[in-house]
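Reproduced below: upload.cif, with mmCIF, C-alpha atoms.
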data_my_file
loop_
_atom_site.group_PDB
_atom_site.id
_atom_site.type_symbol
_atom_site.label_atom_id
_atom_site.label_comp_id
_atom_site.auth_asym_id
_atom_site.auth_seq_id
_atom_site.Cartn_x
_atom_site.Cartn_y
_atom_site.Cartn_z
ATOM 1 C CA MET A 1220 26.361 158.405 30.778
ATOM 2 C CA LYS A 1221 25.701 154.668 30.710
ATOM 3 C CA GLN A 1222 25.955 152.542 33.843
ATOM 4 C CA ARG A 1223 29.323 150.845 34.312
ATOM 5 C CA THR A 1224 30.764 147.746 35.961
ATOM 6 C CA ILE A 1225 34.211 146.184 36.023
ATOM 7 C CA LYS A 1226 35.201 144.054 33.016
ATOM 8 C CA SER A 1227 36.469 141.081 35.010
ATOM 9 C CA PRO A 1228 36.858 139.983 38.635
ATOM 10 C CA PHE A 1229 39.832 140.763 40.837
ATOM 11 C CA SER A 1230 40.738 139.995 44.430
ATOM 12 C CA VAL A 1231 43.059 141.375 47.090
ATOM 13 C CA GLU A 1232 43.985 140.228 50.559
ATOM 14 C CA GLY A 1233 45.224 141.845 53.717
ATOM 15 C CA LYS A 1234 44.485 142.346 57.392
ATOM 16 C CA GLY A 1235 41.581 144.264 58.867
ATOM 17 C CA LEU A 1236 42.462 147.584 60.495
ATOM 18 C CA HIS A 1237 40.453 146.921 63.629
ATOM 19 C CA THR A 1238 40.346 143.118 63.869
ATOM 20 C CA GLY A 1239 43.809 142.400 62.484
ATOM 21 C CA VAL A 1240 42.245 139.343 60.809
ATOM 22 C CA LYS A 1241 43.560 138.291 57.392
ATOM 23 C CA THR A 1242 40.870 138.728 54.758
ATOM 24 C CA THR A 1243 40.387 138.026 51.068
ATOM 25 C CA ILE A 1244 37.997 140.247 49.167
ATOM 26 C CA ALA A 1245 36.827 139.756 45.572
ATOM 27 C CA PHE A 1246 35.194 142.297 43.269
ATOM 28 C CA ARG A 1247 32.934 140.910 40.541
ATOM 29 C CA PRO A 1248 31.031 142.411 37.603
ATOM 30 C CA ALA A 1249 27.321 142.963 38.248
ATOM 31 C CA PRO A 1250 24.281 143.643 36.038
ATOM 32 C CA VAL A 1251 22.576 146.998 35.534
ATOM 33 C CA ASP A 1252 20.688 148.485 38.500
ATOM 34 C CA PHE A 1253 22.553 146.158 40.870
ATOM 35 C CA GLY A 1254 24.383 148.865 42.814
ATOM 36 C CA TYR A 1255 26.934 147.788 45.396
ATOM 37 C CA LYS A 1256 26.284 144.615 47.353
ATOM 38 C CA ILE A 1257 28.516 142.697 49.746
ATOM 39 C CA LYS A 1258 28.346 138.907 50.165
ATOM 40 C CA ARG A 1259 29.708 137.268 53.341
ATOM 41 C CA ILE A 1260 30.925 134.001 51.804
ATOM 42 C CA ASP A 1261 32.287 132.825 55.169
ATOM 43 C CA LEU A 1262 28.780 132.539 56.637
ATOM 44 C CA ASN A 1263 26.107 129.903 56.069
ATOM 45 C CA GLY A 1264 23.992 130.795 53.080
ATOM 46 C CA SER A 1265 26.434 133.524 51.996
ATOM 47 C CA PRO A 1266 24.113 136.391 53.018
ATOM 48 C CA VAL A 1267 24.181 139.567 50.934
ATOM 49 C CA ILE A 1268 24.126 143.095 52.357
ATOM 50 C CA THR A 1269 23.051 146.075 50.251
ATOM 51 C CA ALA A 1270 25.479 148.971 50.641
ATOM 52 C CA SER A 1271 23.006 151.605 51.825
ATOM 53 C CA ALA A 1272 23.419 154.409 54.343
ATOM 54 C CA GLU A 1273 20.249 153.196 56.010
ATOM 55 C CA ASN A 1274 21.945 149.842 56.713
ATOM 56 C CA VAL A 1275 24.777 151.478 58.677
ATOM 57 C CA LEU A 1276 24.848 150.252 62.274
ATOM 58 C CA TYR A 1277 28.122 151.547 63.679
ATOM 59 C CA THR A 1278 30.482 154.413 62.846
ATOM 60 C CA GLN A 1279 33.292 154.473 65.408
ATOM 61 C CA ARG A 1280 36.501 154.849 63.360
ATOM 62 C CA SER A 1281 34.909 153.051 60.388
ATOM 63 C CA THR A 1282 31.583 152.415 58.678
ATOM 64 C CA VAL A 1283 29.841 149.134 59.544
ATOM 65 C CA LEU A 1284 26.821 147.754 57.681
ATOM 66 C CA SER A 1285 24.315 145.365 59.245
ATOM 67 C CA VAL A 1286 21.282 143.538 57.815
ATOM 68 C CA ASP A 1287 19.402 140.904 59.829
ATOM 69 C CA GLY A 1288 22.337 140.599 62.210
ATOM 70 C CA VAL A 1289 24.897 140.076 59.450
ATOM 71 C CA GLN A 1290 27.618 142.703 59.565
ATOM 72 C CA VAL A 1291 30.540 143.896 57.475
ATOM 73 C CA ALA A 1292 33.005 146.569 58.554
ATOM 74 C CA THR A 1293 35.427 149.207 57.276
ATOM 75 C CA ILE A 1294 33.850 149.373 53.851
ATOM 76 C CA GLU A 1295 34.520 153.038 53.146
ATOM 77 C CA HIS A 1296 37.851 152.856 51.281
ATOM 78 C CA ALA A 1297 36.639 150.180 48.876
ATOM 79 C CA LEU A 1298 33.370 151.986 48.181
ATOM 80 C CA ALA A 1299 35.246 155.252 47.660
ATOM 81 C CA ALA A 1300 37.315 153.444 45.025
ATOM 82 C CA LEU A 1301 34.202 152.184 43.212
ATOM 83 C CA TYR A 1302 32.480 155.562 43.360
ATOM 84 C CA GLY A 1303 35.669 157.444 42.488
ATOM 85 C CA CYS A 1304 36.134 155.234 39.409
ATOM 86 C CA GLU A 1305 32.460 155.734 38.511
ATOM 87 C CA ILE A 1306 31.486 152.090 38.853
ATOM 88 C CA ASP A 1307 27.702 151.764 39.227
ATOM 89 C CA ASN A 1308 27.372 148.023 39.774
ATOM 90 C CA CYS A 1309 29.636 145.602 41.626
ATOM 91 C CA LEU A 1310 29.330 142.515 43.796
ATOM 92 C CA ILE A 1311 31.919 142.302 46.568
ATOM 93 C CA GLU A 1312 32.600 138.915 48.179
ATOM 94 C CA ILE A 1313 34.442 138.790 51.504
ATOM 95 C CA ASP A 1314 35.481 135.905 53.724
ATOM 96 C CA SER A 1315 35.454 137.721 57.067
ATOM 97 C CA PHE A 1316 33.798 140.518 59.035
ATOM 98 C CA GLU A 1317 36.147 143.339 57.979
ATOM 99 C CA PHE A 1318 37.507 144.692 54.706
ATOM 100 C CA PRO A 1319 41.324 144.752 54.568
ATOM 101 C CA ILE A 1320 43.021 148.049 55.364
ATOM 102 C CA LEU A 1321 45.811 147.471 52.785
ATOM 103 C CA GLU A 1322 47.828 150.727 52.625
ATOM 104 C CA GLY A 1323 45.224 152.723 54.551
ATOM 105 C CA SER A 1324 43.672 154.206 51.423
ATOM 106 C CA SER A 1325 41.772 153.325 48.226
ATOM 107 C CA GLU A 1326 44.878 153.041 46.067
ATOM 108 C CA ILE A 1327 45.129 149.263 45.640
ATOM 109 C CA TYR A 1328 41.426 148.966 44.835
ATOM 110 C CA VAL A 1329 41.679 151.758 42.262
ATOM 111 C CA LYS A 1330 44.766 150.250 40.623
ATOM 112 C CA ASN A 1331 42.978 146.937 40.236
ATOM 113 C CA ILE A 1332 39.866 148.561 38.781
ATOM 114 C CA HIS A 1333 42.020 150.260 36.163
ATOM 115 C CA ARG A 1334 43.957 147.035 35.556
ATOM 116 C CA VAL A 1335 40.883 144.912 34.774
ATOM 117 C CA GLY A 1336 39.088 147.730 33.001
ATOM 118 C CA VAL A 1337 35.596 149.179 33.015
ATOM 119 C CA GLU A 1338 32.637 147.933 30.965
ATOM 120 C CA GLU A 1339 29.902 150.280 29.802
ATOM 121 C CA GLN A 1340 26.448 148.765 30.213
ATOM 122 C CA VAL A 1341 23.285 149.142 28.168
ATOM 123 C CA LYS A 1342 21.192 151.189 30.589
ATOM 124 C CA GLU A 1343 21.523 154.890 31.355
ATOM 125 C CA ARG A 1344 22.849 155.978 34.735
ATOM 126 C CA VAL A 1345 20.278 157.733 36.926
ATOM 127 C CA TYR A 1346 21.796 160.749 38.660
ATOM 128 C CA TYR A 1347 20.438 162.581 41.639
ATOM 129 C CA GLU A 1348 20.394 166.197 40.455
ATOM 130 C CA VAL A 1349 20.253 168.441 43.500
ATOM 131 C CA GLY A 1350 17.368 170.897 43.313
ATOM 132 C CA HIS A 1351 18.008 172.738 46.559
ATOM 133 C CA ALA A 1352 20.561 172.546 49.337
ATOM 134 C CA ILE A 1353 20.527 169.647 51.789
ATOM 135 C CA GLU A 1354 22.295 170.331 55.082
ATOM 136 C CA TYR A 1355 23.276 168.486 58.215
ATOM 137 C CA PHE A 1356 24.635 170.131 61.381
ATOM 138 C CA ASP A 1357 25.839 168.162 64.384
ATOM 139 C CA ASN A 1358 25.503 170.000 67.696
ATOM 140 C CA GLU A 1359 27.839 167.619 69.484
ATOM 141 C CA THR A 1360 30.886 168.123 67.248
ATOM 142 C CA GLY A 1361 30.103 171.303 65.327
ATOM 143 C CA SER A 1362 30.408 169.307 62.111
ATOM 144 C CA TYR A 1363 28.523 170.659 59.113
ATOM 145 C CA LEU A 1364 27.833 169.105 55.714
ATOM 146 C CA LYS A 1365 25.978 170.633 52.798
ATOM 147 C CA LEU A 1366 24.995 169.380 49.359
ATOM 148 C CA ALA A 1367 24.405 172.308 47.010
ATOM 149 C CA PRO A 1368 23.089 172.341 43.429
ATOM 150 C CA ALA A 1369 25.778 172.073 40.734
ATOM 151 C CA ASP A 1370 26.131 170.626 37.258
ATOM 152 C CA LYS A 1371 28.714 168.044 38.364
ATOM 153 C CA PHE A 1372 29.956 166.294 41.495
ATOM 154 C CA SER A 1373 32.653 167.952 43.614
ATOM 155 C CA VAL A 1374 33.735 167.877 47.266
ATOM 156 C CA ASP A 1375 35.264 170.616 49.434
ATOM 157 C CA VAL A 1376 36.495 169.492 52.873
ATOM 158 C CA GLN A 1377 37.950 171.323 55.855
ATOM 159 C CA ILE A 1378 39.236 169.497 58.923
ATOM 160 C CA LYS A 1379 39.992 171.169 62.238
ATOM 161 C CA PHE A 1380 41.684 169.663 65.286
ATOM 162 C CA ASN A 1381 43.009 171.058 68.538
ATOM 163 C CA SER A 1382 46.566 170.214 67.517
ATOM 164 C CA GLU A 1383 49.654 172.233 66.651
ATOM 165 C CA ILE A 1384 50.661 169.603 64.087
ATOM 166 C CA LEU A 1385 47.238 169.247 62.473
ATOM 167 C CA PRO A 1386 45.149 172.355 63.245
ATOM 168 C CA VAL A 1387 43.245 173.242 60.041
ATOM 169 C CA GLN A 1388 43.583 171.670 56.594
ATOM 170 C CA ASN A 1389 41.562 171.890 53.399
ATOM 171 C CA ALA A 1390 41.149 169.524 50.452
ATOM 172 C CA PHE A 1391 39.139 169.833 47.265
ATOM 173 C CA LEU A 1392 38.076 167.430 44.529
ATOM 174 C CA ASP A 1393 36.831 169.240 41.437
ATOM 175 C CA ASP A 1394 35.740 166.164 39.493
ATOM 176 C CA LEU A 1395 35.578 162.385 40.061
ATOM 177 C CA SER A 1396 38.067 161.965 37.201
ATOM 178 C CA ASP A 1397 40.701 163.424 39.569
ATOM 179 C CA PHE A 1398 40.056 160.881 42.336
ATOM 180 C CA LYS A 1399 42.636 158.343 41.147
ATOM 181 C CA ASP A 1400 45.598 160.722 40.998
ATOM 182 C CA GLU A 1401 44.757 163.201 43.765
ATOM 183 C CA ILE A 1402 42.826 161.375 46.501
ATOM 184 C CA SER A 1403 42.913 157.569 46.225
ATOM 185 C CA MET A 1404 46.385 157.083 47.744
ATOM 186 C CA CYS A 1405 45.903 159.312 50.805
ATOM 187 C CA ARG A 1406 46.172 157.372 54.055
ATOM 188 C CA THR A 1407 44.151 157.250 57.230
ATOM 189 C CA PHE A 1408 45.574 158.858 60.370
ATOM 190 C CA VAL A 1409 45.369 158.696 64.130
ATOM 191 C CA PHE A 1410 46.589 160.885 67.000
ATOM 192 C CA ILE A 1411 49.129 159.206 69.246
ATOM 193 C CA LYS A 1412 47.089 160.124 72.321
ATOM 194 C CA GLU A 1413 44.184 158.039 70.964
ATOM 195 C CA ILE A 1414 46.078 154.806 70.354
ATOM 196 C CA GLU A 1415 45.917 153.162 73.771
ATOM 197 C CA SER A 1416 42.226 153.918 74.333
ATOM 198 C CA LEU A 1417 41.374 152.588 70.865
ATOM 199 C CA LEU A 1418 43.271 149.388 71.591
ATOM 200 C CA LYS A 1419 41.440 149.017 74.894
ATOM 201 C CA THR A 1420 38.102 149.193 73.056
ATOM 202 C CA GLY A 1421 39.224 146.418 70.701
ATOM 203 C CA LEU A 1422 40.042 148.627 67.719
ATOM 204 C CA ILE A 1423 43.114 149.202 65.456
ATOM 205 C CA LYS A 1424 44.588 145.738 66.104
ATOM 206 C CA GLY A 1425 45.785 145.748 62.486
ATOM 207 C CA GLY A 1426 47.120 149.298 62.503
ATOM 208 C CA ASP A 1427 50.777 149.934 61.727
ATOM 209 C CA LEU A 1428 53.071 152.591 60.246
ATOM 210 C CA ASP A 1429 52.568 151.219 56.723
ATOM 211 C CA ASN A 1430 48.811 151.762 56.706
ATOM 212 C CA ALA A 1431 48.369 154.823 58.913
ATOM 213 C CA ILE A 1432 49.871 158.191 59.723
ATOM 214 C CA VAL A 1433 50.395 158.824 63.442
ATOM 215 C CA ILE A 1434 50.022 162.461 64.514
ATOM 216 C CA TYR A 1435 52.678 162.969 67.216
ATOM 217 C CA ASP A 1436 51.684 166.378 68.564
ATOM 218 C CA GLN A 1437 52.775 166.095 72.182
ATOM 219 C CA LEU A 1438 56.165 164.903 73.354
ATOM 220 C CA ILE A 1439 56.148 161.819 75.551
ATOM 221 C CA GLN A 1440 58.931 159.741 77.072
ATOM 222 C CA GLN A 1441 60.795 157.400 74.715
ATOM 223 C CA SER A 1442 59.981 154.540 77.086
ATOM 224 C CA GLU A 1443 56.270 155.258 76.586
ATOM 225 C CA LEU A 1444 56.731 155.340 72.798
ATOM 226 C CA ASP A 1445 58.492 151.987 73.000
ATOM 227 C CA ARG A 1446 55.695 150.553 75.122
ATOM 228 C CA LEU A 1447 53.054 151.652 72.577
ATOM 229 C CA ALA A 1448 55.116 150.195 69.742
ATOM 230 C CA ASP A 1449 55.347 146.884 71.594
ATOM 231 C CA ILE A 1450 51.582 146.835 72.202
ATOM 232 C CA MET A 1451 50.987 147.481 68.498
ATOM 233 C CA GLY A 1452 53.565 144.884 67.491
ATOM 234 C CA ILE A 1453 55.523 147.363 65.377
ATOM 235 C CA GLU A 1454 59.172 148.364 65.248
ATOM 236 C CA ARG A 1455 60.343 150.818 67.891
ATOM 237 C CA LYS A 1456 61.394 154.243 66.620
ATOM 238 C CA LYS A 1457 63.413 156.913 68.392
ATOM 239 C CA ILE A 1458 61.387 160.125 68.120
ATOM 240 C CA ASP A 1459 62.866 163.405 69.328
ATOM 241 C CA ASN A 1460 60.443 165.933 67.842
ATOM 242 C CA THR A 1461 56.729 166.270 67.292
ATOM 243 C CA GLY A 1462 55.383 165.711 63.795
ATOM 244 C CA TYR A 1463 54.206 162.754 61.748
ATOM 245 C CA ILE A 1464 55.262 159.166 62.438
ATOM 246 C CA MET A 1465 55.003 156.750 59.480
ATOM 247 C CA ASN A 1466 57.131 154.529 57.266
ATOM 248 C CA LYS A 1467 56.442 156.464 54.041
ATOM 249 C CA PRO A 1468 56.666 160.298 53.867
ATOM 250 C CA LEU A 1469 53.588 162.426 53.397
ATOM 251 C CA LEU A 1470 52.342 162.331 49.822
ATOM 252 C CA TYR A 1471 50.864 165.820 50.166
ATOM 253 C CA PRO A 1472 51.149 168.463 52.905
ATOM 254 C CA ASN A 1473 47.363 168.090 53.331
ATOM 255 C CA GLU A 1474 47.227 164.291 53.090
ATOM 256 C CA PRO A 1475 45.053 163.973 56.236
ATOM 257 C CA ALA A 1476 42.426 166.344 54.779
ATOM 258 C CA ARG A 1477 42.542 164.454 51.474
ATOM 259 C CA HIS A 1478 41.925 161.212 53.341
ATOM 260 C CA LYS A 1479 38.913 162.738 55.070
ATOM 261 C CA LEU A 1480 37.639 163.681 51.623
ATOM 262 C CA LEU A 1481 38.149 160.057 50.558
ATOM 263 C CA ASP A 1482 36.054 158.949 53.540
ATOM 264 C CA VAL A 1483 33.297 161.393 52.612
ATOM 265 C CA ILE A 1484 33.117 159.841 49.136
ATOM 266 C CA GLY A 1485 33.065 156.313 50.585
ATOM 267 C CA ASP A 1486 30.201 157.191 52.907
ATOM 268 C CA ILE A 1487 28.279 159.153 50.268
ATOM 269 C CA ALA A 1488 28.536 156.137 47.958
ATOM 270 C CA LEU A 1489 25.960 154.612 50.323
ATOM 271 C CA VAL A 1490 23.333 157.016 48.977
ATOM 272 C CA GLY A 1491 23.045 154.603 46.047
ATOM 273 C CA ARG A 1492 23.146 157.240 43.321
ATOM 274 C CA PHE A 1493 25.743 159.284 41.537
ATOM 275 C CA ILE A 1494 25.151 162.922 42.367
ATOM 276 C CA LYS A 1495 25.252 166.165 40.439
ATOM 277 C CA GLY A 1496 25.983 168.593 43.256
ATOM 278 C CA LYS A 1497 28.726 170.085 45.416
ATOM 279 C CA ILE A 1498 29.437 168.708 48.882
ATOM 280 C CA ILE A 1499 30.889 171.098 51.448
ATOM 281 C CA ALA A 1500 32.076 169.305 54.578
ATOM 282 C CA PHE A 1501 33.437 170.910 57.762
ATOM 283 C CA ARG A 1502 34.932 168.451 60.255
ATOM 284 C CA PRO A 1503 33.441 165.358 58.580
ATOM 285 C CA GLY A 1504 33.512 161.932 60.215
ATOM 286 C CA HIS A 1505 31.795 158.615 59.621
ATOM 287 C CA ARG A 1506 28.882 159.277 61.965
ATOM 288 C CA VAL A 1507 27.995 162.691 60.567
ATOM 289 C CA ASN A 1508 28.703 161.526 57.013
ATOM 290 C CA ASN A 1509 26.165 158.764 57.533
ATOM 291 C CA MET A 1510 23.507 161.074 58.937
ATOM 292 C CA PHE A 1511 24.080 163.395 55.984
ATOM 293 C CA ALA A 1512 23.789 160.507 53.511
ATOM 294 C CA ARG A 1513 20.525 159.428 55.164
ATOM 295 C CA ASN A 1514 19.175 162.965 54.715
ATOM 296 C CA ILE A 1515 20.024 162.801 51.010
ATOM 297 C CA ILE A 1516 18.218 159.460 50.697
ATOM 298 C CA GLN A 1517 15.153 160.891 52.396
ATOM 299 C CA GLN A 1518 15.193 163.846 50.017
ATOM 300 C CA ILE A 1519 15.426 161.520 47.011
ATOM 301 C CA LYS A 1520 12.446 159.568 48.309
ATOM 302 C CA ALA A 1521 10.454 162.743 48.971
ATOM 303 C CA GLU A 1522 11.165 164.195 45.535
ATOM 304 C CA GLN A 1523 10.598 161.040 43.540
ATOM 305 C CA GLY A 1524 7.947 159.366 45.652
ATOM 306 C CA VAL A 1525 9.712 156.011 45.712
ATOM 307 C CA GLU A 1526 10.320 153.510 48.447
ATOM 308 C CA LEU A 1527 13.817 152.710 49.710
ATOM 309 C CA HIS A 1528 13.913 149.317 48.001
ATOM 310 C CA GLU A 1529 13.209 151.043 44.683
ATOM 311 C CA VAL A 1530 16.094 153.467 45.191
ATOM 312 C CA PHE A 1531 18.488 150.615 45.924
ATOM 313 C CA LEU A 1532 17.593 148.063 43.278
#

Could the structure of this file be written out as structure tokens, please?
Amino acid sequence: MKQRTIKSPFSVEGKGLHTGVKTTIAFRPAPVDFGYKIKRIDLNGSPVITASAENVLYTQRSTVLSVDGVQVATIEHALAALYGCEIDNCLIEIDSFEFPILEGSSEIYVKNIHRVGVEEQVKERVYYEVGHAIEYFDNETGSYLKLAPADKFSVDVQIKFNSEILPVQNAFLDDLSDFKDEISMCRTFVFIKEIESLLKTGLIKGGDLDNAIVIYDQLIQQSELDRLADIMGIERKKIDNTGYIMNKPLLYPNEPARHKLLDVIGDIALVGRFIKGKIIAFRPGHRVNNMFARNIIQQIKAEQGVELHEVFL
């Protein structure tokens, strides 16, 4: 397989999930061995951040990169789109701190990549071919991720919550060619009991029922629902039963698990290599995904005897 980039630039705009700030983001073709890089064009000198797991600073409800004090947030859906469409090289320009949430998924990015087309480049893609299993276990959450040898990339995810509405769900991606039609449109989600505390910590200011699924798994007074809606700046809804609250019906019965799989791909994209191997993820999240990705990077360095800057050209 040759390396690939997009044939021509495209841009999208929308509000950030956590900041609520309107943002324009542009995707541009890039040369071979460029990888994924993000340019903050709103800052003096337009500093560039390499999209590497070892540049991740913060992982509460999103993945945030930081280099020399320059940060960019909520990158995971866009990077999942690039990785899912098998784009090796791309420059992303953004005019604010946070990527737009759009519809809460990778769908708009993927549609634009397919609209502008993909260009095959002259140099061969370098895969990381897994020789032996790489594992990460998190004592705090019980989360477990494993990368096992295989002749192609696949992901198997199980999520588990203490919730009658969303107890256990599974999702599986057999091949990256299925990402567009099976995973890219699956939306992020939040439990209703989390909303107020997230708002108090300065998060989800741009969240609404068009870009997120709300898990309503415990009945509360209608007056309290109305109060939360007012805080979020969204339309009030009369809700009589537990279930899912959103403006568009579920795309799949396991849409939340599929979105978690999307997040895994977005965070694994920060390894900087396409992988031939199978990822098994139990209760994944951005923090554990990042620690897992760092372990993979360290294994690549150990096996190939290269420095980090050589891995991420």

Subject >> Nearest to A:Gln1279, chosen from A:Gly1524, A:Gly1504, A:Gly1452, A:Pro1386, with all atoms listed in the file counted in the distances >> reply: A:Gly1504

Evaluate the PyMOL selection byres ((chain A and resi 1437) around 10) against this structure - the residues, as a short mmCIF file (atom, residue, chain, number, x, y, z; two decimals) with C-alpha atoms, in the frame of the given file, please.
data_model
loop_
_atom_site.label_atom_id
_atom_site.label_comp_id
_atom_site.auth_asym_id
_atom_site.auth_seq_id
_atom_site.Cartn_x
_atom_site.Cartn_y
_atom_site.Cartn_z
CA SER A 1382 46.57 170.21 67.52
CA GLU A 1383 49.65 172.23 66.65
CA ILE A 1384 50.66 169.60 64.09
CA PHE A 1410 46.59 160.88 67.00
CA ILE A 1411 49.13 159.21 69.25
CA LYS A 1412 47.09 160.12 72.32
CA ILE A 1434 50.02 162.46 64.51
CA TYR A 1435 52.68 162.97 67.22
CA ASP A 1436 51.68 166.38 68.56
CA LEU A 1438 56.16 164.90 73.35
CA ILE A 1439 56.15 161.82 75.55
CA ASN A 1460 60.44 165.93 67.84
CA THR A 1461 56.73 166.27 67.29
CA GLY A 1462 55.38 165.71 63.80
#

Stretch 1381-1393 of chain A: axis-aligned bounding box, 6 Å on each side, centre and edge lengths in Å, one decimal, as JSON:
{"center_x": 43.7, "center_y": 170.3, "center_z": 55.0, "size_x": 25.8, "size_y": 17.8, "size_z": 39.1}

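Nearest-residue note for A:Ile1515: choosing from A:Glu1359, A:Asp1394, A:Glu1348, A:Glu1339, the minimum distance belongs to A:Glu1348, counting all atoms listed in the file.
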
Subject >> Surrounding residues of A:Asn1331 excluding itself and chain neighbours under 6 positions, 9 Å, only C-alpha atoms, as a count of residues only >> reply: 3

Written as a PDB file with C-alpha atoms, keeping the file's coordinate frame, which residues does the PyMOL selection byres ((chain A and resi 1309) around 7) give for the file shown?
ATOM      1  CA  THR A1224      30.764 147.746  35.961  1.00  0.00           C
ATOM      2  CA  PHE A1246      35.194 142.297  43.269  1.00  0.00           C
ATOM      3  CA  ARG A1247      32.934 140.910  40.541  1.00  0.00           C
ATOM      4  CA  PRO A1248      31.031 142.411  37.603  1.00  0.00           C
ATOM      5  CA  ALA A1249      27.321 142.963  38.248  1.00  0.00           C
ATOM      6  CA  GLY A1254      24.383 148.865  42.814  1.00  0.00           C
ATOM      7  CA  TYR A1255      26.934 147.788  45.396  1.00  0.00           C
ATOM      8  CA  LYS A1256      26.284 144.615  47.353  1.00  0.00           C
ATOM      9  CA  ASP A1307      27.702 151.764  39.227  1.00  0.00           C
ATOM     10  CA  ASN A1308      27.372 148.023  39.774  1.00  0.00           C
ATOM     11  CA  LEU A1310      29.330 142.515  43.796  1.00  0.00           C
ATOM     12  CA  ILE A1311      31.919 142.302  46.568  1.00  0.00           C
TER      13      ILE A1311
END

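Checking A:Lys1379, A:Arg1223, A:Lys1365, A:Lys1342 one by one against A:Ile1499, counting only C-alpha atoms, you find the shortest gap at A:Lys1365.
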
**OP:** Give me the result of the PyMOL selection byres ((chain A and resi 1443) around 12) on this file, residue by residue, as a ChimeraX atom specification.
**Re:** /A:1411-1412,1414-1415,1438-1442,1444-1450,1455-1458

Original post:
So how many Å separate atom CA of A:Leu1481 and atom CA of A:Leu1469, to one decimal?
Top reply: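 Going from atom CA of A:Leu1481 over to atom CA of A:Leu1469 covers 15.9 Å.
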
**OP:** Using atom CA of A:Gln1222 and atom CA of A:Leu1392 as the two end points, give the distance in Å to one decimal.
**Re:**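 We find that atom CA of A:Gln1222 and atom CA of A:Leu1392 lie 22.0 Å from each other.
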
**OP:** Could you jot down the atom CA of A:Asn1389 to atom CA of A:Asp1370 separation for me, Å, one decimal place?
**Re:**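 We find that atom CA of A:Asn1389 and atom CA of A:Asp1370 lie 22.4 Å from each other.
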
Original post:
Which of these, A:Phe1253, A:Phe1316, A:Tyr1328, A:Tyr1471, has the shortest distance to A:Ala1390 once you count all atoms listed in the file?
Top reply: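 Selected residue with least distance to A:Ala1390: A:Tyr1471.
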
**OP:** Choose the residue, out of A:Leu1321, A:Ala1300, A:Ile1519, A:Ile1498, that has the smallest atom-to-atom separation from A:Phe1391; count all atoms listed in the file.
**Re:**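 Using all atoms listed in the file, the shortest distance to A:Phe1391 belongs to A:Ile1498.
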
**OP:** Could you give me, as a PyMOL selection string, the residues that have an atom at most 9 Å away from the point (53.8, 152.1, 53.4) in the coordinates of the file, using all atoms listed in the file?
**Re:** chain A and resi 1322-1323+1428-1431+1465-1468
